[in-house]
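S.K.: You'll find query-v2.pdb just under this line, and it carries PDB, C-alpha atoms.
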ATOM      1  CA  MET A   1     -20.084  -6.325  26.536
ATOM      2  CA  ALA A   2     -23.121  -4.353  25.351
ATOM      3  CA  ARG A   3     -24.926  -5.956  22.426
ATOM      4  CA  VAL A   4     -24.409  -3.024  20.067
ATOM      5  CA  THR A   5     -20.686  -3.005  20.859
ATOM      6  CA  ARG A   6     -20.507  -6.772  20.391
ATOM      7  CA  VAL A   7     -22.249  -6.649  17.002
ATOM      8  CA  MET A   8     -19.890  -3.930  15.779
ATOM      9  CA  ARG A   9     -16.920  -5.915  17.070
ATOM     10  CA  LEU A  10     -18.239  -8.964  15.200
ATOM     11  CA  LEU A  11     -18.354  -6.916  11.985
ATOM     12  CA  ASP A  12     -14.754  -5.785  12.541
ATOM     13  CA  VAL A  13     -13.623  -9.401  12.971
ATOM     14  CA  LEU A  14     -15.399 -10.447   9.754
ATOM     15  CA  ARG A  15     -13.802  -7.554   7.875
ATOM     16  CA  GLY A  16     -10.347  -8.665   8.918
ATOM     17  CA  GLN A  17     -10.635 -12.278   7.715
ATOM     18  CA  GLU A  18     -11.230 -14.088   4.446
ATOM     19  CA  ALA A  19     -13.451 -16.692   6.126
ATOM     20  CA  THR A  20     -14.068 -18.098   9.589
ATOM     21  CA  THR A  21     -16.511 -20.284  11.501
ATOM     22  CA  VAL A  22     -19.227 -19.617  14.036
ATOM     23  CA  ALA A  23     -17.178 -21.500  16.636
ATOM     24  CA  GLU A  24     -14.111 -19.321  16.003
ATOM     25  CA  LEU A  25     -16.202 -16.159  16.177
ATOM     26  CA  ALA A  26     -17.753 -17.296  19.454
ATOM     27  CA  ALA A  27     -14.301 -17.971  20.937
ATOM     28  CA  THR A  28     -12.963 -14.611  19.759
ATOM     29  CA  LEU A  29     -15.847 -12.640  21.249
ATOM     30  CA  GLY A  30     -16.265 -14.822  24.324
ATOM     31  CA  VAL A  31     -19.937 -15.637  23.730
ATOM     32  CA  SER A  32     -21.971 -18.677  22.750
ATOM     33  CA  GLU A  33     -22.444 -19.870  19.169
ATOM     34  CA  ARG A  34     -26.157 -19.205  19.577
ATOM     35  CA  THR A  35     -25.379 -15.551  20.333
ATOM     36  CA  ILE A  36     -23.171 -15.337  17.229
ATOM     37  CA  HIS A  37     -26.029 -16.682  15.073
ATOM     38  CA  ARG A  38     -28.347 -13.996  16.489
ATOM     39  CA  ASP A  39     -25.804 -11.236  15.895
ATOM     40  CA  LEU A  40     -25.159 -12.426  12.336
ATOM     41  CA  ALA A  41     -28.902 -12.284  11.709
ATOM     42  CA  THR A  42     -28.927  -8.712  13.013
ATOM     43  CA  LEU A  43     -26.133  -7.701  10.639
ATOM     44  CA  ARG A  44     -27.931  -9.294   7.691
ATOM     45  CA  GLU A  45     -31.127  -7.399   8.594
ATOM     46  CA  GLN A  46     -29.086  -4.190   8.445
ATOM     47  CA  GLY A  47     -27.965  -5.036   4.907
ATOM     48  CA  THR A  48     -24.474  -6.377   5.628
ATOM     49  CA  PRO A  49     -23.586  -8.928   2.900
ATOM     50  CA  ILE A  50     -22.725 -12.054   4.919
ATOM     51  CA  SER A  51     -22.809 -15.578   3.508
ATOM     52  CA  SER A  52     -22.594 -18.814   5.471
ATOM     53  CA  ASP A  53     -22.219 -22.506   4.771
ATOM     54  CA  PRO A  54     -24.631 -25.024   6.289
ATOM     55  CA  GLY A  55     -23.420 -27.636   8.737
ATOM     56  CA  PRO A  56     -22.065 -27.865  12.289
ATOM     57  CA  GLY A  57     -19.000 -25.739  11.481
ATOM     58  CA  GLY A  58     -21.065 -22.822  10.250
ATOM     59  CA  GLY A  59     -18.572 -21.297   7.800
ATOM     60  CA  VAL A  60     -19.045 -17.519   7.619
ATOM     61  CA  ARG A  61     -17.625 -14.886   5.292
ATOM     62  CA  LEU A  62     -18.181 -11.292   4.294
ATOM     63  CA  GLU A  63     -19.104 -10.829   0.624
ATOM     64  CA  ARG A  64     -16.307  -8.374  -0.113
ATOM     65  CA  ASP A  65     -17.099  -7.992  -3.802
ATOM     66  CA  ARG A  66     -20.271  -6.166  -2.792
ATOM     67  CA  GLY A  67     -18.335  -3.965  -0.397
ATOM     68  CA  VAL A  68     -19.165  -2.850   3.132
ATOM     69  CA  THR A  69     -17.820   0.678   3.261
ATOM     70  CA  ALA A  70     -16.533   3.063   0.642
ATOM     71  CA  VAL A  71     -12.795   3.459   1.126
ATOM     72  CA  HIS A  72     -10.905   5.506  -1.430
ATOM     73  CA  LEU A  73      -7.182   5.612  -0.794
ATOM     74  CA  ALA A  74      -4.332   6.214  -3.202
ATOM     75  CA  ILE A  75      -1.923   3.316  -3.527
ATOM     76  CA  GLU A  76       0.741   5.414  -1.780
ATOM     77  CA  GLU A  77      -1.580   5.715   1.236
ATOM     78  CA  VAL A  78      -2.172   1.966   1.269
ATOM     79  CA  VAL A  79       1.567   1.234   1.224
ATOM     80  CA  ALA A  80       2.120   3.857   3.950
ATOM     81  CA  LEU A  81      -0.411   2.043   6.160
ATOM     82  CA  TRP A  82       1.298  -1.273   5.451
ATOM     83  CA  LEU A  83       4.692   0.181   6.319
ATOM     84  CA  ALA A  84       3.394   1.786   9.520
ATOM     85  CA  ALA A  85       1.786  -1.485  10.615
ATOM     86  CA  ASN A  86       4.947  -3.490   9.949
ATOM     87  CA  LEU A  87       7.260  -0.982  11.602
ATOM     88  CA  SER A  88       5.051  -1.298  14.676
ATOM     89  CA  SER A  89       5.680  -5.053  14.789
ATOM     90  CA  SER A  90       9.393  -5.000  13.944
ATOM     91  CA  GLY A  91      10.642  -5.073  17.520
ATOM     92  CA  THR A  92       9.706  -1.613  18.780
ATOM     93  CA  ALA A  93       6.213  -1.125  20.194
ATOM     94  CA  LEU A  94       4.800   2.133  18.848
ATOM     95  CA  PRO A  95       1.647   4.023  19.891
ATOM     96  CA  TRP A  96      -1.355   2.973  17.795
ATOM     97  CA  GLY A  97       0.638   0.132  16.257
ATOM     98  CA  ARG A  98      -2.233  -2.328  16.659
ATOM     99  CA  ALA A  99      -4.642   0.263  15.287
ATOM    100  CA  ALA A 100      -2.543   0.541  12.123
ATOM    101  CA  ARG A 101      -2.780  -3.213  11.563
ATOM    102  CA  SER A 102      -6.504  -3.253  12.345
ATOM    103  CA  GLY A 103      -7.147  -0.327   9.997
ATOM    104  CA  LEU A 104      -5.252  -2.046   7.232
ATOM    105  CA  ASP A 105      -7.253  -5.254   7.645
ATOM    106  CA  LYS A 106     -10.482  -3.262   7.455
ATOM    107  CA  LEU A 107      -9.271  -1.529   4.327
ATOM    108  CA  PHE A 108      -8.499  -4.811   2.552
ATOM    109  CA  ALA A 109     -11.862  -6.175   3.660
ATOM    110  CA  SER A 110     -13.776  -3.181   2.301
ATOM    111  CA  VAL A 111     -12.754  -3.507  -1.350
ATOM    112  CA  PRO A 112     -13.441  -6.228  -3.944
ATOM    113  CA  ARG A 113     -11.310  -9.337  -3.475
ATOM    114  CA  GLU A 114      -9.279  -8.894  -6.665
ATOM    115  CA  ARG A 115      -8.354  -5.309  -5.803
ATOM    116  CA  ALA A 116      -7.430  -6.344  -2.253
ATOM    117  CA  ARG A 117      -5.210  -9.093  -3.654
ATOM    118  CA  ALA A 118      -3.452  -6.582  -5.941
ATOM    119  CA  MET A 119      -2.936  -4.194  -3.010
ATOM    120  CA  ARG A 120      -1.467  -6.937  -0.852
ATOM    121  CA  ALA A 121       0.852  -8.026  -3.663
ATOM    122  CA  LEU A 122       2.286  -4.510  -3.881
ATOM    123  CA  CYS A 123       2.560  -4.083  -0.106
ATOM    124  CA  GLU A 124       4.320  -7.425   0.272
ATOM    125  CA  ARG A 125       7.154  -6.089  -1.858
ATOM    126  CA  VAL A 126       8.008  -3.899   1.160
ATOM    127  CA  VAL A 127      10.226  -5.699   3.693
ATOM    128  CA  VAL A 128      10.818  -4.349   7.196
ATOM    129  CA  GLY A 129      14.016  -5.437   8.908
ATOM    130  CA  ARG A 130      15.784  -4.511  12.130
ATOM    131  CA  PRO A 131      16.603  -0.836  12.774
ATOM    132  CA  ALA A 132      19.844   0.335  11.165
ATOM    133  CA  SER A 133      23.050  -0.466  13.053
ATOM    134  CA  ALA A 134      25.125   2.172  14.810
ATOM    135  CA  ARG A 135      27.809   1.789  12.136
ATOM    136  CA  VAL A 136      25.372   2.509   9.319
ATOM    137  CA  LEU A 137      23.930   5.500  11.175
ATOM    138  CA  THR A 138      27.417   6.916  11.724
ATOM    139  CA  GLU A 139      28.288   6.856   8.020
ATOM    140  CA  LEU A 140      24.819   7.663   6.689
ATOM    141  CA  GLY A 141      24.595  10.439   4.120
ATOM    142  CA  THR A 142      21.681  12.395   2.662
ATOM    143  CA  PRO A 143      19.830  10.979  -0.362
ATOM    144  CA  PRO A 144      18.900  13.327  -3.222
ATOM    145  CA  GLY A 145      15.633  15.136  -2.621
ATOM    146  CA  GLU A 146      14.006  13.849  -5.806
ATOM    147  CA  LEU A 147      14.736  10.180  -5.061
ATOM    148  CA  LEU A 148      11.649   9.449  -2.957
ATOM    149  CA  ALA A 149       9.121  10.558  -5.561
ATOM    150  CA  LEU A 150      10.979   8.871  -8.421
ATOM    151  CA  PHE A 151      11.364   5.596  -6.531
ATOM    152  CA  GLU A 152       7.682   5.582  -5.556
ATOM    153  CA  GLU A 153       6.651   6.043  -9.185
ATOM    154  CA  ALA A 154       9.051   3.403 -10.519
ATOM    155  CA  PHE A 155       7.955   0.954  -7.797
ATOM    156  CA  ARG A 156       4.247   1.536  -8.375
ATOM    157  CA  GLU A 157       4.258   1.772 -12.168
ATOM    158  CA  GLN A 158       6.763  -1.084 -12.625
ATOM    159  CA  VAL A 159       9.278   0.849 -14.698
ATOM    160  CA  CYS A 160      13.066   0.821 -14.496
ATOM    161  CA  LEU A 161      15.125   3.312 -12.544
ATOM    162  CA  ALA A 162      18.538   4.613 -13.616
ATOM    163  CA  PHE A 163      21.028   6.333 -11.316
ATOM    164  CA  ASP A 164      24.667   6.910 -10.476
ATOM    165  CA  TYR A 165      25.857   4.840  -7.516
ATOM    166  CA  GLN A 166      28.818   4.787  -5.163
ATOM    167  CA  ASP A 167      29.414   1.477  -3.378
ATOM    168  CA  ARG A 168      30.761   1.029   0.157
ATOM    169  CA  HIS A 169      34.322   1.194  -1.152
ATOM    170  CA  GLY A 170      33.659   4.520  -2.853
ATOM    171  CA  LYS A 171      33.685   3.057  -6.373
ATOM    172  CA  PRO A 172      31.293   4.927  -8.710
ATOM    173  CA  SER A 173      29.123   3.283 -11.377
ATOM    174  CA  ARG A 174      26.011   3.841 -13.461
ATOM    175  CA  ARG A 175      23.082   1.491 -12.908
ATOM    176  CA  LEU A 176      19.856   0.546 -14.655
ATOM    177  CA  VAL A 177      17.630  -1.489 -12.331
ATOM    178  CA  GLU A 178      14.213  -3.063 -11.945
ATOM    179  CA  PRO A 179      13.019  -1.997  -8.443
ATOM    180  CA  HIS A 180      11.275  -5.185  -7.359
ATOM    181  CA  GLY A 181      11.272  -4.454  -3.630
ATOM    182  CA  LEU A 182      12.036  -2.087  -0.781
ATOM    183  CA  LEU A 183      13.919  -2.993   2.407
ATOM    184  CA  VAL A 184      13.409  -0.670   5.372
ATOM    185  CA  GLU A 185      15.894  -0.739   8.257
ATOM    186  CA  ALA A 186      14.651   2.445   9.889
ATOM    187  CA  PRO A 187      15.606   5.141   9.238
ATOM    188  CA  VAL A 188      17.546   3.706   6.276
ATOM    189  CA  TRP A 189      15.994   2.120   3.188
ATOM    190  CA  TYR A 190      17.361   0.073   0.330
ATOM    191  CA  VAL A 191      16.168  -0.625  -3.216
ATOM    192  CA  LEU A 192      15.935  -4.401  -3.788
ATOM    193  CA  ALA A 193      16.513  -4.695  -7.493
ATOM    194  CA  LEU A 194      17.600  -6.629 -10.510
ATOM    195  CA  ASP A 195      20.628  -4.931 -12.073
ATOM    196  CA  VAL A 196      19.646  -5.128 -15.745
ATOM    197  CA  GLU A 197      23.131  -4.915 -17.234
ATOM    198  CA  LYS A 198      24.703  -7.358 -14.762
ATOM    199  CA  ASP A 199      21.598  -9.604 -14.715
ATOM    200  CA  ALA A 200      22.081  -9.937 -10.957
ATOM    201  CA  ALA A 201      20.157  -9.249  -7.754
ATOM    202  CA  ARG A 202      21.480  -6.176  -5.999
ATOM    203  CA  MET A 203      20.669  -3.968  -2.995
ATOM    204  CA  PHE A 204      21.227  -0.195  -3.211
ATOM    205  CA  ARG A 205      21.314   2.078  -0.162
ATOM    206  CA  MET A 206      19.322   5.294  -0.543
ATOM    207  CA  ASP A 207      22.083   7.739   0.387
ATOM    208  CA  ARG A 208      24.548   6.254  -2.118
ATOM    209  CA  ILE A 209      22.246   6.973  -5.059
ATOM    210  CA  ARG A 210      22.730  10.094  -7.166
ATOM    211  CA  ARG A 211      20.992  11.526 -10.241
ATOM    212  CA  PRO A 212      17.994   9.148 -10.164
ATOM    213  CA  ARG A 213      15.786   9.121 -13.246
ATOM    214  CA  LEU A 214      12.878   7.072 -14.561
ATOM    215  CA  VAL A 215      13.197   4.903 -17.660
ATOM    216  CA  PRO A 216       9.520   4.607 -18.669
ATOM    217  CA  GLY A 217      10.376   2.659 -21.820
ATOM    218  CA  ARG A 218      11.737  -0.236 -19.732
ATOM    219  CA  ARG A 219       8.995  -2.069 -17.840
ATOM    220  CA  PHE A 220       9.184  -5.210 -15.675
ATOM    221  CA  ILE A 221       6.951  -7.667 -13.818
ATOM    222  CA  PRO A 222       7.628  -7.658 -10.051
ATOM    223  CA  ASP A 223       8.950 -11.002  -8.809
ATOM    224  CA  MET A 224      10.251 -10.881  -5.243
ATOM    225  CA  GLU A 225      10.516 -14.659  -4.968
ATOM    226  CA  GLY A 226      12.539 -14.829  -8.179
ATOM    227  CA  LEU A 227      14.801 -12.035  -6.927
ATOM    228  CA  LYS A 228      15.390 -13.877  -3.636
ATOM    229  CA  ALA A 229      16.191 -17.105  -5.476
ATOM    230  CA  ARG A 230      18.636 -15.276  -7.723
ATOM    231  CA  ALA A 231      20.331 -13.684  -4.703
ATOM    232  CA  LEU A 232      20.712 -17.080  -2.991
ATOM    233  CA  ALA A 233      22.132 -18.607  -6.162
ATOM    234  CA  GLN A 234      24.674 -15.795  -6.422
ATOM    235  CA  ARG A 235      25.827 -16.391  -2.847
ATOM    236  CA  SER A 236      26.367 -20.090  -3.522
ATOM    237  CA  GLU A 237      28.447 -19.521  -6.645
ATOM    238  CA  PRO A 238      32.143 -20.389  -6.229
ATOM    239  CA  PRO A 239      34.663 -17.557  -6.652
ATOM    240  CA  GLY A 240      35.051 -16.775 -10.317
ATOM    241  CA  GLY A 241      31.768 -18.547 -11.146
TER
END
Would you mind writing the file out in structure tokens?

M.R.:
Amino acid sequence: MARVTRVMRLLDVLRGQEATTVAELAATLGVSERTIHRDLATLREQGTPISSDPGPGGGVRLERDRGVTAVHLAIEEVVALWLAANLSSSGTALPWGRAARSGLDKLFASVPRERARAMRALCERVVVGRPASARVLTELGTPPGELLALFEEAFREQVCLAFDYQDRHGKPSRRLVEPHGLLVEAPVWYVLALDVEKDAARMFRMDRIRRPRLVPGRRFIPDMEGLKARALAQRSEPPGG
């Protein structure tokens, strides 16, 4: 591997990790620890903000708060990258799937740590499952055209979403929900939510939703773990409980 290529590869590895060691970097790049020390010195001379801990382990990290590159993406673009990367690893190998994951790691590494943590917290509310079953695809309808934009805004801004809903038995109802998460079973997606009036965890399929509308006066704090715990508790309740 040419030295210039190796140094750039080293920078990519540092961007994709919170912290590592000289030994781990040497193993990843297939070179000696002495070579890694030289390449780190080269990056520092070029102005790359790298810190290291003394000692045999040689702890190394990129000072993300100072930034490495200027990356300006809307939150929708960040979530789209996250979704693309996870769809690529959900059982079907897609072209450029690894590149999506690598690009996402570089993005998180290029912004201050607190902002990266906030981005990850939002992205981790998106769950990718198996592709939709043949049965679901057979019965799948068309969601209202305005649903995507309204869901994205409610999800991002942490405000409630109201809509009319028809369950799998055809029973209609009106719902007011906190959209804590999104489940994607391509090409179908579901809103993972807390039903405010029922005070219960619920999952709503996109094509069964009608007349969606934002309720900006009702805000919530996303809590995927709490929603999962509530769902498990509901399953364990005895009939009539």

S.K.: Could you tell me which residues the PyMOL selection byres ((chain A and resi 19) around 8) grabs in this file, written as a ChimeraX atom specification?

M.R.: /A:14,17-18,20-21,59-62

S.K.: Hey, what's within 8 Å of stretch 114-127 of chain A if we count only C-alpha atoms and toss same-chain stuff fewer than 2 positions away? As a PyMOL selection string, please?

M.R.: chain A and resi 75+78-79+82-83+108-109+111-112+129+156+180-184+224

S.K.: Which is closest to A:Phe155 among A:Leu107, A:Leu214, A:Leu10, A:Ala84, if we use only C-alpha atoms?

M.R.: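 Going through A:Leu107, A:Leu214, A:Leu10, A:Ala84 one by one, the smallest distance to A:Phe155 is for A:Leu214.
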
S.K.: Calculate how many Å separate atom CA of A:Leu192 from atom CA of A:Arg135, rounding to one decimal.

M.R.: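 About the pair atom CA of A:Leu192 and atom CA of A:Arg135: they are 20.8 Å apart.
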
S.K.: Run the PyMOL selection byres ((chain A and resi 137-141) around 9) against the file shown and list the residues it catches, as a PyMOL selection string.

M.R.: chain A and resi 132-136+142-143+187-188+206-208

S.K.: If I wrap all listed atoms of stretch 117-134 of chain A in a box with edges along x, y and z and add 3 Å on each side, what are its centre and edge lengths in Å to one decimal, as AutoDock Vina command-line options?

M.R.:
--center_x 10.0 --center_y -3.5 --center_z 4.4 --size_x 36.3 --size_y 17.3 --size_z 26.8

S.K.: Please compute the atom CA of A:Arg15-atom CA of A:Asp105 distance, one decimal, in Å.

M.R.: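 These atoms are spaced 6.9 Å apart.
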
S.K.: Which neighbours of A:Arg38 fall inside 12 Å, counting all atoms listed in the file, when residues of the same chain fewer than 6 positions from it are skipped, and could you give them as JSON, numbers by chain?

M.R.: {"A": [3, 6, 7, 10, 22, 26, 31, 32, 44, 45]}

S.K.: Of the candidates A:Glu197, A:Asp164, A:Glu157, A:Glu33, which shows the shortest atom-to-atom distance to A:Gly217, using all atoms listed in the file?

M.R.: A:Glu157

S.K.: Grab the atom CA of A:Thr48 to atom CA of A:Thr5 distance for me, in Å with one decimal place.

M.R.: 16.1 Å

S.K.: What would the selection look like, as JSON, numbers by chain, if the PyMOL selection byres ((chain A and resi 166) around 12) were run on the coordinates I just shared?

M.R.: {"A": [141, 143, 163, 164, 165, 167, 168, 169, 170, 171, 172, 173, 174, 175, 204, 205, 206, 207, 208, 209, 210, 211]}

S.K.: Skipping near chain neighbours, those fewer than 6 positions away, what residues fall within 9 Å of A:Ala231 using all atoms listed in the file, listed as a list in words?

M.R.: Ala200, Ala201 and Arg202 of chain A

S.K.: May I have the residues from that selection written out with C-alpha atoms, as a PDB file, in the frame of the given file?

M.R.:
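Now in again_10.pdb:
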ATOM      1  CA  ALA A 200      22.081  -9.937 -10.957  1.00  0.00           C
ATOM      2  CA  ALA A 201      20.157  -9.249  -7.754  1.00  0.00           C
ATOM      3  CA  ARG A 202      21.480  -6.176  -5.999  1.00  0.00           C
TER       4      ARG A 202
END

S.K.: For A:Ala154, work out the shell of residues within 12 Å, counting only C-alpha atoms and skipping chain neighbours fewer than 6 positions away, then give it as a list in words.

M.R.: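 Close residues of A:Ala154: Leu147, Leu148, Cys160, Leu161, Ala162, Leu176, Val177, Glu178, Pro179, His180, Gly181, Leu182, Val191, Ala193, Pro212, Arg213, Leu214, Val215, Pro216, Gly217, Arg218, Arg219, Phe220, Ile221 and Pro222 of chain A.
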
S.K.: A:Leu11, A:Val196, A:Leu150, A:Val159: which is nearest A:Ile50, counting only C-alpha atoms?

M.R.: A:Leu11

S.K.: Is there a way to complete stretch 130-153 of chain A with N, CA, C and O atoms and then write that out as a compact mmCIF listing (two decimals), keeping the file's coordinate frame?

M.R.:
# COMPACT_ATOMS: atom_id res chain seq x y z
N ARG A 130 15.39 -5.12 10.87
CA ARG A 130 15.78 -4.51 12.13
C ARG A 130 16.18 -3.05 11.89
O ARG A 130 16.58 -2.69 10.79
N PRO A 131 16.11 -2.21 12.92
CA PRO A 131 16.60 -0.84 12.77
C PRO A 131 18.07 -0.83 12.35
O PRO A 131 18.82 -1.76 12.63
N ALA A 132 18.48 0.23 11.67
CA ALA A 132 19.84 0.34 11.16
C ALA A 132 20.85 0.26 12.32
O ALA A 132 20.59 0.73 13.42
N SER A 133 22.00 -0.33 12.03
CA SER A 133 23.05 -0.47 13.05
C SER A 133 23.70 0.88 13.33
O SER A 133 23.60 1.83 12.55
N ALA A 134 24.41 0.94 14.44
CA ALA A 134 25.12 2.17 14.81
C ALA A 134 26.15 2.53 13.75
O ALA A 134 26.36 3.72 13.43
N ARG A 135 26.81 1.53 13.17
CA ARG A 135 27.81 1.79 12.14
C ARG A 135 27.19 2.46 10.92
O ARG A 135 27.71 3.44 10.39
N VAL A 136 26.04 1.93 10.48
CA VAL A 136 25.37 2.51 9.32
C VAL A 136 24.93 3.94 9.62
O VAL A 136 25.09 4.85 8.80
N LEU A 137 24.39 4.16 10.81
CA LEU A 137 23.93 5.50 11.18
C LEU A 137 25.08 6.50 11.21
O LEU A 137 24.92 7.67 10.84
N THR A 138 26.25 6.03 11.63
CA THR A 138 27.42 6.92 11.72
C THR A 138 27.86 7.40 10.35
O THR A 138 28.24 8.56 10.17
N GLU A 139 27.79 6.51 9.35
CA GLU A 139 28.29 6.86 8.02
C GLU A 139 27.19 7.33 7.07
O GLU A 139 27.45 7.65 5.92
N LEU A 140 25.97 7.38 7.55
CA LEU A 140 24.82 7.66 6.69
C LEU A 140 24.88 9.07 6.10
O LEU A 140 25.11 10.05 6.82
N GLY A 141 24.65 9.15 4.79
CA GLY A 141 24.60 10.44 4.12
C GLY A 141 23.16 10.85 3.84
O GLY A 141 22.21 10.25 4.33
N THR A 142 23.00 11.87 3.01
CA THR A 142 21.68 12.40 2.66
C THR A 142 21.33 12.02 1.23
O THR A 142 22.08 12.34 0.30
N PRO A 143 20.21 11.34 1.01
CA PRO A 143 19.83 10.98 -0.36
C PRO A 143 19.35 12.21 -1.12
O PRO A 143 18.94 13.20 -0.51
N PRO A 144 19.40 12.18 -2.44
CA PRO A 144 18.90 13.33 -3.22
C PRO A 144 17.41 13.55 -2.98
O PRO A 144 16.64 12.60 -2.82
N GLY A 145 17.01 14.80 -2.95
CA GLY A 145 15.63 15.14 -2.62
C GLY A 145 14.60 14.54 -3.55
O GLY A 145 13.49 14.22 -3.14
N GLU A 146 14.97 14.36 -4.83
CA GLU A 146 14.01 13.85 -5.81
C GLU A 146 13.87 12.33 -5.78
O GLU A 146 12.99 11.76 -6.44
N LEU A 147 14.72 11.64 -5.01
CA LEU A 147 14.74 10.18 -5.06
C LEU A 147 13.43 9.56 -4.59
O LEU A 147 12.92 8.62 -5.21
N LEU A 148 12.87 10.05 -3.50
CA LEU A 148 11.65 9.45 -2.96
C LEU A 148 10.53 9.38 -3.99
O LEU A 148 9.95 8.33 -4.23
N ALA A 149 10.23 10.52 -4.60
CA ALA A 149 9.12 10.56 -5.56
C ALA A 149 9.40 9.68 -6.77
O ALA A 149 8.51 8.96 -7.25
N LEU A 150 10.64 9.68 -7.25
CA LEU A 150 10.98 8.87 -8.42
C LEU A 150 10.93 7.38 -8.09
O LEU A 150 10.44 6.58 -8.90
N PHE A 151 11.43 7.01 -6.91
CA PHE A 151 11.36 5.60 -6.53
C PHE A 151 9.91 5.14 -6.40
O PHE A 151 9.54 4.07 -6.87
N GLU A 152 9.09 5.94 -5.73
CA GLU A 152 7.68 5.58 -5.56
C GLU A 152 7.00 5.33 -6.91
O GLU A 152 6.25 4.36 -7.06
N GLU A 153 7.28 6.20 -7.87
CA GLU A 153 6.65 6.04 -9.18
C GLU A 153 7.17 4.81 -9.90
O GLU A 153 6.39 4.04 -10.49
